[in-house]
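To be precise, the following lines are query.pdb, and they hold PDB, C-alpha atoms.
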ATOM      1  CA  MET R   1     -20.200 -48.826  -5.872
ATOM      2  CA  LYS R   2     -23.653 -50.312  -6.492
ATOM      3  CA  GLY R   3     -23.911 -51.363  -2.870
ATOM      4  CA  PHE R   4     -22.932 -47.891  -1.699
ATOM      5  CA  PHE R   5     -25.511 -46.303  -3.997
ATOM      6  CA  LEU R   6     -28.243 -48.642  -2.756
ATOM      7  CA  ARG R   7     -27.403 -48.072   0.911
ATOM      8  CA  ARG R   8     -27.428 -44.295   0.514
ATOM      9  CA  THR R   9     -30.761 -44.445  -1.295
ATOM     10  CA  LEU R  10     -32.295 -46.563   1.472
ATOM     11  CA  ILE R  11     -30.928 -44.219   4.135
ATOM     12  CA  THR R  12     -32.169 -41.031   2.493
ATOM     13  CA  ALA R  13     -35.651 -42.329   1.643
ATOM     14  CA  PRO R  14     -36.871 -41.944   5.268
ATOM     15  CA  THR R  15     -35.457 -38.407   5.290
ATOM     16  CA  VAL R  16     -37.549 -37.431   2.283
ATOM     17  CA  LEU R  17     -40.615 -39.125   3.760
ATOM     18  CA  GLY R  18     -40.075 -37.362   7.092
ATOM     19  CA  ALA R  19     -39.836 -33.952   5.437
ATOM     20  CA  LEU R  20     -43.010 -34.584   3.440
ATOM     21  CA  THR R  21     -44.862 -35.819   6.530
ATOM     22  CA  LEU R  22     -43.941 -32.736   8.558
ATOM     23  CA  VAL R  23     -44.970 -30.417   5.751
ATOM     24  CA  PHE R  24     -48.268 -32.271   5.263
ATOM     25  CA  PHE R  25     -49.335 -31.923   8.891
ATOM     26  CA  PHE R  26     -47.985 -28.383   9.322
ATOM     27  CA  LEU R  27     -49.982 -27.238   6.301
ATOM     28  CA  HIS R  28     -53.169 -28.577   7.856
ATOM     29  CA  ILE R  29     -52.388 -26.991  11.233
ATOM     30  CA  VAL R  30     -51.604 -23.426  10.145
ATOM     31  CA  PRO R  31     -54.567 -21.027   9.774
ATOM     32  CA  GLY R  32     -56.104 -20.637   6.340
ATOM     33  CA  ASP R  33     -58.602 -22.482   4.167
ATOM     34  CA  PRO R  34     -57.719 -23.346   0.555
ATOM     35  CA  VAL R  35     -61.416 -23.414  -0.325
ATOM     36  CA  GLU R  36     -61.889 -19.818   0.819
ATOM     37  CA  ALA R  37     -58.705 -18.838  -1.007
ATOM     38  CA  MET R  38     -60.159 -20.295  -4.218
ATOM     39  CA  LEU R  39     -63.788 -19.138  -3.908
ATOM     40  CA  GLY R  40     -63.434 -16.102  -1.682
ATOM     41  CA  GLU R  41     -65.059 -15.453   1.685
ATOM     42  CA  SER R  42     -68.291 -14.297   0.073
ATOM     43  CA  ALA R  43     -69.006 -17.704  -1.512
ATOM     44  CA  ARG R  44     -72.041 -19.604  -0.288
ATOM     45  CA  ALA R  45     -71.582 -22.399   2.237
ATOM     46  CA  VAL R  46     -72.984 -25.015  -0.148
ATOM     47  CA  GLU R  47     -70.406 -24.045  -2.801
ATOM     48  CA  LYS R  48     -67.614 -24.315  -0.270
ATOM     49  CA  GLU R  49     -68.767 -27.730   0.895
ATOM     50  CA  ARG R  50     -69.067 -29.003  -2.678
ATOM     51  CA  LEU R  51     -65.533 -27.859  -3.544
ATOM     52  CA  ARG R  52     -64.180 -29.232  -0.263
ATOM     53  CA  HIS R  53     -65.692 -32.612  -1.159
ATOM     54  CA  GLU R  54     -64.256 -32.481  -4.694
ATOM     55  CA  LEU R  55     -60.780 -31.784  -3.301
ATOM     56  CA  GLY R  56     -61.053 -34.482  -0.659
ATOM     57  CA  LEU R  57     -60.613 -31.981   2.175
ATOM     58  CA  ASP R  58     -63.703 -33.299   3.977
ATOM     59  CA  LEU R  59     -61.933 -36.610   4.643
ATOM     60  CA  PRO R  60     -60.275 -37.289   8.024
ATOM     61  CA  LEU R  61     -56.695 -36.080   8.187
ATOM     62  CA  ALA R  62     -55.350 -39.640   8.426
ATOM     63  CA  ALA R  63     -57.252 -40.611   5.272
ATOM     64  CA  GLN R  64     -55.886 -37.560   3.449
ATOM     65  CA  TYR R  65     -52.362 -38.515   4.529
ATOM     66  CA  LEU R  66     -52.728 -42.101   3.296
ATOM     67  CA  LYS R  67     -54.123 -40.807   0.009
ATOM     68  CA  PHE R  68     -51.140 -38.470  -0.229
ATOM     69  CA  LEU R  69     -48.651 -41.316   0.350
ATOM     70  CA  LYS R  70     -50.436 -43.525  -2.165
ATOM     71  CA  GLY R  71     -50.199 -40.746  -4.755
ATOM     72  CA  ILE R  72     -46.445 -40.387  -4.196
ATOM     73  CA  ALA R  73     -45.961 -44.155  -4.480
ATOM     74  CA  THR R  74     -47.755 -44.179  -7.830
ATOM     75  CA  GLY R  75     -46.103 -40.996  -9.107
ATOM     76  CA  ASP R  76     -49.321 -38.977  -8.871
ATOM     77  CA  LEU R  77     -48.708 -35.710  -7.004
ATOM     78  CA  GLY R  78     -52.286 -34.582  -7.455
ATOM     79  CA  GLU R  79     -53.761 -31.484  -9.013
ATOM     80  CA  SER R  80     -52.895 -27.940  -7.994
ATOM     81  CA  TYR R  81     -55.797 -26.106  -6.362
ATOM     82  CA  PHE R  82     -54.557 -22.759  -7.647
ATOM     83  CA  PHE R  83     -53.537 -23.652 -11.205
ATOM     84  CA  ARG R  84     -56.083 -26.469 -11.680
ATOM     85  CA  ARG R  85     -53.414 -28.545 -13.396
ATOM     86  CA  PRO R  86     -51.271 -31.556 -12.407
ATOM     87  CA  VAL R  87     -48.668 -30.607  -9.794
ATOM     88  CA  ALA R  88     -45.844 -32.411 -11.617
ATOM     89  CA  GLU R  89     -46.596 -30.447 -14.776
ATOM     90  CA  VAL R  90     -46.605 -27.092 -12.962
ATOM     91  CA  ILE R  91     -43.300 -27.816 -11.186
ATOM     92  CA  ALA R  92     -41.662 -29.123 -14.376
ATOM     93  CA  GLU R  93     -42.360 -25.786 -16.070
ATOM     94  CA  ARG R  94     -40.474 -23.917 -13.318
ATOM     95  CA  VAL R  95     -37.447 -26.206 -12.984
ATOM     96  CA  PRO R  96     -35.555 -24.856 -16.070
ATOM     97  CA  ALA R  97     -35.635 -21.294 -14.687
ATOM     98  CA  THR R  98     -34.338 -22.415 -11.285
ATOM     99  CA  LEU R  99     -31.675 -24.610 -12.917
ATOM    100  CA  GLU R 100     -30.557 -21.686 -15.094
ATOM    101  CA  LEU R 101     -30.254 -19.387 -12.084
ATOM    102  CA  ALA R 102     -28.459 -22.015  -9.997
ATOM    103  CA  VAL R 103     -25.842 -22.758 -12.677
ATOM    104  CA  ALA R 104     -25.269 -19.054 -13.360
ATOM    105  CA  SER R 105     -24.890 -18.307  -9.636
ATOM    106  CA  LEU R 106     -22.462 -21.192  -9.212
ATOM    107  CA  PHE R 107     -20.426 -19.903 -12.161
ATOM    108  CA  VAL R 108     -20.286 -16.402 -10.677
ATOM    109  CA  ALA R 109     -19.213 -17.817  -7.321
ATOM    110  CA  GLY R 110     -16.545 -20.010  -8.908
ATOM    111  CA  ILE R 111     -14.843 -17.314 -10.987
ATOM    112  CA  ILE R 112     -14.708 -15.048  -7.924
ATOM    113  CA  ALA R 113     -13.999 -17.455  -5.081
ATOM    114  CA  LEU R 114     -11.473 -19.960  -6.434
ATOM    115  CA  PRO R 115      -8.849 -17.426  -7.663
ATOM    116  CA  LEU R 116      -9.392 -15.277  -4.574
ATOM    117  CA  GLY R 117      -9.083 -18.217  -2.182
ATOM    118  CA  ILE R 118      -5.965 -19.549  -3.927
ATOM    119  CA  LEU R 119      -4.260 -16.145  -3.909
ATOM    120  CA  ALA R 120      -5.173 -15.584  -0.255
ATOM    121  CA  ALA R 121      -3.638 -18.945   0.710
ATOM    122  CA  LEU R 122      -0.468 -18.289  -1.284
ATOM    123  CA  ARG R 123      -0.152 -14.777   0.211
ATOM    124  CA  GLU R 124      -1.091 -15.681   3.765
ATOM    125  CA  GLY R 125      -0.694 -12.764   6.165
ATOM    126  CA  THR R 126      -0.413 -10.118   3.436
ATOM    127  CA  ALA R 127      -2.774  -7.277   2.539
ATOM    128  CA  LEU R 128      -4.271  -9.442  -0.226
ATOM    129  CA  ASP R 129      -5.127 -12.114   2.313
ATOM    130  CA  ALA R 130      -6.752  -9.537   4.595
ATOM    131  CA  LEU R 131      -8.764  -8.045   1.734
ATOM    132  CA  SER R 132     -10.011 -11.447   0.630
ATOM    133  CA  MET R 133     -11.181 -12.262   4.145
ATOM    134  CA  LEU R 134     -12.848  -8.842   4.366
ATOM    135  CA  PHE R 135     -14.721  -9.623   1.146
ATOM    136  CA  ALA R 136     -15.756 -12.991   2.582
ATOM    137  CA  LEU R 137     -17.025 -11.362   5.769
ATOM    138  CA  ILE R 138     -19.005  -8.737   3.879
ATOM    139  CA  GLY R 139     -20.413 -11.283   1.433
ATOM    140  CA  VAL R 140     -21.600 -13.638   4.165
ATOM    141  CA  SER R 141     -23.090 -10.745   6.150
ATOM    142  CA  MET R 142     -25.180  -9.302   3.299
ATOM    143  CA  PRO R 143     -28.629 -10.919   3.132
ATOM    144  CA  ASN R 144     -30.127 -11.530  -0.292
ATOM    145  CA  PHE R 145     -33.238  -9.501   0.482
ATOM    146  CA  TRP R 146     -30.959  -6.466   0.997
ATOM    147  CA  LEU R 147     -28.364  -7.012  -1.719
ATOM    148  CA  GLY R 148     -30.942  -7.803  -4.421
ATOM    149  CA  PRO R 149     -32.916  -4.528  -4.112
ATOM    150  CA  LEU R 150     -29.633  -2.609  -3.810
ATOM    151  CA  LEU R 151     -28.439  -4.014  -7.144
ATOM    152  CA  ILE R 152     -31.831  -3.235  -8.683
ATOM    153  CA  ILE R 153     -31.684   0.392  -7.524
ATOM    154  CA  LEU R 154     -28.139   0.870  -8.799
ATOM    155  CA  PHE R 155     -27.989  -1.121 -12.042
ATOM    156  CA  SER R 156     -31.634  -1.166 -13.107
ATOM    157  CA  ILE R 157     -33.212   2.068 -11.908
ATOM    158  CA  LYS R 158     -30.214   4.425 -11.798
ATOM    159  CA  LEU R 159     -28.089   3.107 -14.678
ATOM    160  CA  GLY R 160     -30.738   1.224 -16.655
ATOM    161  CA  TRP R 161     -28.339  -1.570 -17.598
ATOM    162  CA  PHE R 162     -30.487  -4.546 -16.616
ATOM    163  CA  PRO R 163     -34.208  -5.352 -16.288
ATOM    164  CA  VAL R 164     -35.766  -4.873 -12.865
ATOM    165  CA  SER R 165     -37.401  -8.290 -12.797
ATOM    166  CA  GLY R 166     -38.608 -11.228 -14.843
ATOM    167  CA  ARG R 167     -36.868 -13.734 -17.095
ATOM    168  CA  SER R 168     -36.372 -12.257 -20.537
ATOM    169  CA  GLY R 169     -32.903 -13.283 -21.652
ATOM    170  CA  PHE R 170     -29.318 -13.068 -20.458
ATOM    171  CA  SER R 171     -29.585  -9.490 -19.185
ATOM    172  CA  SER R 172     -32.340 -10.437 -16.734
ATOM    173  CA  LEU R 173     -30.157 -13.253 -15.336
ATOM    174  CA  VAL R 174     -27.191 -11.065 -14.361
ATOM    175  CA  LEU R 175     -28.495  -9.410 -11.193
ATOM    176  CA  PRO R 176     -30.117 -12.506  -9.637
ATOM    177  CA  ALA R 177     -26.961 -14.534 -10.357
ATOM    178  CA  LEU R 178     -24.787 -11.827  -8.784
ATOM    179  CA  THR R 179     -27.033 -11.706  -5.723
ATOM    180  CA  LEU R 180     -26.805 -15.432  -5.118
ATOM    181  CA  GLY R 181     -23.264 -15.880  -6.402
ATOM    182  CA  THR R 182     -21.745 -13.190  -4.160
ATOM    183  CA  ALA R 183     -22.864 -14.850  -0.942
ATOM    184  CA  LEU R 184     -21.698 -18.247  -2.178
ATOM    185  CA  ALA R 185     -18.376 -16.792  -3.357
ATOM    186  CA  ALA R 186     -17.702 -15.392   0.098
ATOM    187  CA  LEU R 187     -18.197 -18.785   1.723
ATOM    188  CA  LEU R 188     -16.342 -20.664  -1.000
ATOM    189  CA  SER R 189     -13.300 -18.356  -0.954
ATOM    190  CA  ARG R 190     -12.846 -18.901   2.783
ATOM    191  CA  MET R 191     -13.163 -22.648   2.360
ATOM    192  CA  THR R 192     -10.675 -22.669  -0.555
ATOM    193  CA  ARG R 193      -8.154 -20.655   1.450
ATOM    194  CA  SER R 194      -8.361 -22.760   4.610
ATOM    195  CA  SER R 195      -8.360 -26.053   2.728
ATOM    196  CA  LEU R 196      -5.402 -25.077   0.570
ATOM    197  CA  LEU R 197      -3.407 -23.844   3.572
ATOM    198  CA  GLU R 198      -3.675 -27.319   5.106
ATOM    199  CA  VAL R 199      -1.865 -28.965   2.180
ATOM    200  CA  LEU R 200       0.665 -26.303   1.138
ATOM    201  CA  GLY R 201       3.231 -27.565   3.631
ATOM    202  CA  GLU R 202       2.992 -31.227   2.629
ATOM    203  CA  GLU R 203       6.141 -33.057   1.537
ATOM    204  CA  TYR R 204       4.748 -34.200  -1.819
ATOM    205  CA  LEU R 205       4.643 -30.556  -2.953
ATOM    206  CA  THR R 206       8.313 -30.181  -2.051
ATOM    207  CA  VAL R 207       9.058 -33.305  -4.082
ATOM    208  CA  ALA R 208       7.055 -31.937  -7.019
ATOM    209  CA  ARG R 209       9.029 -28.695  -6.935
ATOM    210  CA  ALA R 210      12.298 -30.632  -6.661
ATOM    211  CA  LYS R 211      11.362 -32.425  -9.897
ATOM    212  CA  GLY R 212      11.307 -29.062 -11.613
ATOM    213  CA  LEU R 213       7.548 -28.744 -12.080
ATOM    214  CA  PRO R 214       6.303 -25.186 -12.645
ATOM    215  CA  GLU R 215       4.792 -23.558  -9.551
ATOM    216  CA  ARG R 216       1.438 -23.132 -11.294
ATOM    217  CA  ARG R 217       1.247 -26.879 -11.929
ATOM    218  CA  VAL R 218       2.307 -27.691  -8.388
ATOM    219  CA  ILE R 219      -0.483 -25.548  -6.976
ATOM    220  CA  LEU R 220      -3.293 -26.318  -9.416
ATOM    221  CA  LYS R 221      -2.682 -30.000 -10.082
ATOM    222  CA  HIS R 222      -1.226 -31.298  -6.834
ATOM    223  CA  ALA R 223      -2.138 -28.926  -3.995
ATOM    224  CA  LEU R 224      -5.590 -27.859  -5.165
ATOM    225  CA  ARG R 225      -6.679 -31.383  -6.067
ATOM    226  CA  ASN R 226      -5.876 -32.631  -2.578
ATOM    227  CA  ALA R 227      -7.713 -29.652  -1.088
ATOM    228  CA  LEU R 228     -10.870 -30.231  -3.136
ATOM    229  CA  ILE R 229     -12.800 -32.548  -0.799
ATOM    230  CA  PRO R 230     -14.142 -29.834   1.582
ATOM    231  CA  ILE R 231     -14.573 -27.421  -1.340
ATOM    232  CA  VAL R 232     -16.657 -29.925  -3.292
ATOM    233  CA  THR R 233     -18.708 -30.634  -0.161
ATOM    234  CA  VAL R 234     -19.602 -26.950   0.204
ATOM    235  CA  LEU R 235     -20.308 -26.659  -3.524
ATOM    236  CA  GLY R 236     -22.602 -29.668  -3.432
ATOM    237  CA  LEU R 237     -24.604 -28.413  -0.467
ATOM    238  CA  GLN R 238     -24.888 -24.913  -1.904
ATOM    239  CA  PHE R 239     -25.810 -26.137  -5.367
ATOM    240  CA  GLY R 240     -28.535 -28.262  -3.823
ATOM    241  CA  ALA R 241     -29.881 -25.164  -2.091
ATOM    242  CA  LEU R 242     -29.699 -23.115  -5.298
ATOM    243  CA  LEU R 243     -31.293 -25.785  -7.453
ATOM    244  CA  SER R 244     -34.092 -26.423  -5.002
ATOM    245  CA  GLY R 245     -35.118 -22.805  -5.248
ATOM    246  CA  ALA R 246     -33.498 -19.674  -3.863
ATOM    247  CA  ILE R 247     -36.841 -18.477  -2.557
ATOM    248  CA  ILE R 248     -35.905 -14.971  -1.426
ATOM    249  CA  THR R 249     -33.872 -14.051  -4.495
ATOM    250  CA  GLU R 250     -36.419 -15.470  -6.922
ATOM    251  CA  ASN R 251     -39.154 -13.426  -5.291
ATOM    252  CA  VAL R 252     -37.073 -10.233  -5.195
ATOM    253  CA  PHE R 253     -36.463 -10.464  -8.938
ATOM    254  CA  SER R 254     -39.819 -12.111  -9.814
ATOM    255  CA  TRP R 255     -37.836 -14.973 -11.273
ATOM    256  CA  PRO R 256     -40.294 -17.686 -12.399
ATOM    257  CA  GLY R 257     -38.628 -20.608 -10.636
ATOM    258  CA  VAL R 258     -39.530 -23.149  -7.980
ATOM    259  CA  GLY R 259     -38.957 -20.588  -5.208
ATOM    260  CA  THR R 260     -41.650 -18.176  -6.390
ATOM    261  CA  LEU R 261     -43.913 -21.133  -7.120
ATOM    262  CA  LEU R 262     -43.567 -22.338  -3.528
ATOM    263  CA  ILE R 263     -44.457 -18.905  -2.144
ATOM    264  CA  THR R 264     -47.508 -18.739  -4.421
ATOM    265  CA  ALA R 265     -48.573 -22.200  -3.286
ATOM    266  CA  VAL R 266     -48.214 -21.346   0.418
ATOM    267  CA  GLU R 267     -50.178 -18.098   0.064
ATOM    268  CA  ALA R 268     -52.968 -19.933  -1.785
ATOM    269  CA  ARG R 269     -52.949 -22.840   0.714
ATOM    270  CA  ASP R 270     -52.364 -25.083  -2.292
ATOM    271  CA  TYR R 271     -51.555 -28.244  -0.340
ATOM    272  CA  PRO R 272     -50.676 -30.540  -3.274
ATOM    273  CA  LEU R 273     -48.403 -27.939  -4.866
ATOM    274  CA  VAL R 274     -46.561 -27.139  -1.619
ATOM    275  CA  GLN R 275     -46.047 -30.852  -1.010
ATOM    276  CA  GLY R 276     -44.846 -31.319  -4.589
ATOM    277  CA  CYS R 277     -42.337 -28.475  -4.244
ATOM    278  CA  VAL R 278     -41.022 -29.920  -0.969
ATOM    279  CA  LEU R 279     -40.715 -33.338  -2.602
ATOM    280  CA  PHE R 280     -38.701 -31.778  -5.433
ATOM    281  CA  ILE R 281     -36.464 -29.913  -2.969
ATOM    282  CA  SER R 282     -35.868 -33.047  -0.885
ATOM    283  CA  ILE R 283     -35.020 -35.197  -3.893
ATOM    284  CA  VAL R 284     -32.647 -32.550  -5.231
ATOM    285  CA  TYR R 285     -30.779 -32.400  -1.919
ATOM    286  CA  VAL R 286     -30.522 -36.181  -1.761
ATOM    287  CA  ALA R 287     -29.370 -36.485  -5.378
ATOM    288  CA  VAL R 288     -26.781 -33.708  -5.112
ATOM    289  CA  ASN R 289     -25.310 -35.065  -1.874
ATOM    290  CA  LEU R 290     -25.145 -38.560  -3.362
ATOM    291  CA  ALA R 291     -23.386 -37.160  -6.444
ATOM    292  CA  VAL R 292     -20.887 -35.368  -4.184
ATOM    293  CA  ASP R 293     -20.160 -38.588  -2.301
ATOM    294  CA  LEU R 294     -19.535 -40.409  -5.564
ATOM    295  CA  LEU R 295     -17.330 -37.566  -6.786
ATOM    296  CA  TYR R 296     -15.017 -38.013  -3.782
ATOM    297  CA  GLY R 297     -13.743 -41.260  -5.283
ATOM    298  CA  PHE R 298     -12.734 -39.526  -8.504
ATOM    299  CA  ILE R 299     -11.025 -36.646  -6.702
ATOM    300  CA  ASP R 300      -9.130 -38.891  -4.296
ATOM    301  CA  PRO R 301      -8.680 -42.513  -5.516
ATOM    302  CA  ARG R 302      -7.752 -43.515  -1.960
ATOM    303  CA  ILE R 303     -11.419 -43.206  -1.000
ATOM    304  CA  ARG R 304     -13.312 -46.452  -1.337
ATOM    305  CA  TYR R 305     -16.980 -47.232  -0.967
ATOM    306  CA  GLY R 306     -18.273 -49.956   1.307
ATOM    307  CA  GLY R 307     -16.258 -53.108   0.951
ATOM    308  CA  GLU R 308     -14.188 -52.009  -2.013
ATOM    309  CA  GLY R 309     -10.485 -52.327  -1.318
TER     310      GLY R 309
END
So that I can check it, write out the structure of this file as structure tokens.
Amino acid sequence: MKGFFLRRTLITAPTVLGALTLVFFFLHIVPGDPVEAMLGESARAVEKERLRHELGLDLPLAAQYLKFLKGIATGDLGESYFFRRPVAEVIAERVPATLELAVASLFVAGIIALPLGILAALREGTALDALSMLFALIGVSMPNFWLGPLLIILFSIKLGWFPVSGRSGFSSLVLPALTLGTALAALLSRMTRSSLLEVLGEEYLTVARAKGLPERRVILKHALRNALIPIVTVLGLQFGALLSGAIITENVFSWPGVGTLLITAVEARDYPLVQGCVLFISIVYVAVNLAVDLLYGFIDPRIRYGGEG
């Protein structure tokens, strides 16, 4: 297990570095000057040059890149141009909000998708199966930037049940979680159905029924457990995306998470903050995928890592 963990870490490190490198150079290629964004176009040239020197933006691009890599190696992500505070501190303040939204969205998706996918698999070819697949199709087809405002119009403006935006308690979490959770539930229900259908005809389920086990136990303990590998894979990938910042949904609902922070940083040409957000997103993806790989061994003991036998 330790060897597997070390190998995966060594493999994913270049991926994180590659993502950071691309973002670094793309940020310096796209139009826009962070100095002008901070001082305004009307600022005097001498003021702009002084600030550019203070920020290190007058250095050659290669020197800026080496300085950037050195900062990452020492755990120093730099100071945000926009907030004038350490990047790590700014991101750390936003992580709890994104984590809260991600967990809530995953919960919404789970309570919708797992029962629906199980019922659709058990009632294959029936009206229930068709309705579940229709829900999955609609859910996957609805973009967040459309569903979010629609929920705001209906439940916030028309009915007044929930706040329009912001993070001010449980009520403000409902609509963003529904927006994200619905799309995930659609994908997860289809995966649960197809994965469960692959194992329902296996002989070990017939043996379990012959032993007199209740049908609920046969399905939930034996069939579902053996169908979990692809489901857990999808959950891991989606949770990584949610935790790293659902940018569109966070901005629709003005949710103060990493997603809105990244948009603010891009608009302000805040290079250190954008790079810090991308580093956070990359590490989250790596960590979640590694956790999913390790979870496979607990779901299916037949899976071994590396040289384990």
Enumerate, as a ChimeraX atom specification, the residues matched when the PyMOL selection byres ((chain R and resi 87) around 12) is run on the file above. /R:71-72,75-86,88-94,258,261-262,265,270-280
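Closest approach to Arg225 in chain R among R:Ile247, R:Val199, R:Ala13, R:Leu184: R:Val199, based on all atoms listed in the file.
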Take CA of Met142 in chain R and CA of Gly125 in chain R and report the distance between them in Å, one decimal. 24.9 Å
Evaluate the PyMOL selection byres ((chain R and resi 154-158) around 12) on the structure here and hand back the selected residues as a ChimeraX atom specification. /R:147-153,159-165,171-172,174-176,178,253
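In this model, the gap between CA of Pro230 in chain R and CA of Met191 in chain R comes to 7.3 Å.
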May I have the residues within 7 Å of range 21-36 of chain R as a PyMOL selection string, using all atoms listed in the file and disregarding those fewer than 4 positions away in the same chain? chain R and resi 17+40-41+48+51-52+268-271+275
State, in Å with one decimal place, the distance from CA of Leu20 in chain R to CA of Ile263 in chain R. 16.7 Å
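Listed by chain and then by number, the residues chosen by the PyMOL selection byres ((chain R and resi 231) around 8) in this file are Leu188, Met191, Thr192, Ser195, Ala227, Leu228, Ile229, Pro230, Val232, Thr233, Val234 and Leu235 of chain R.
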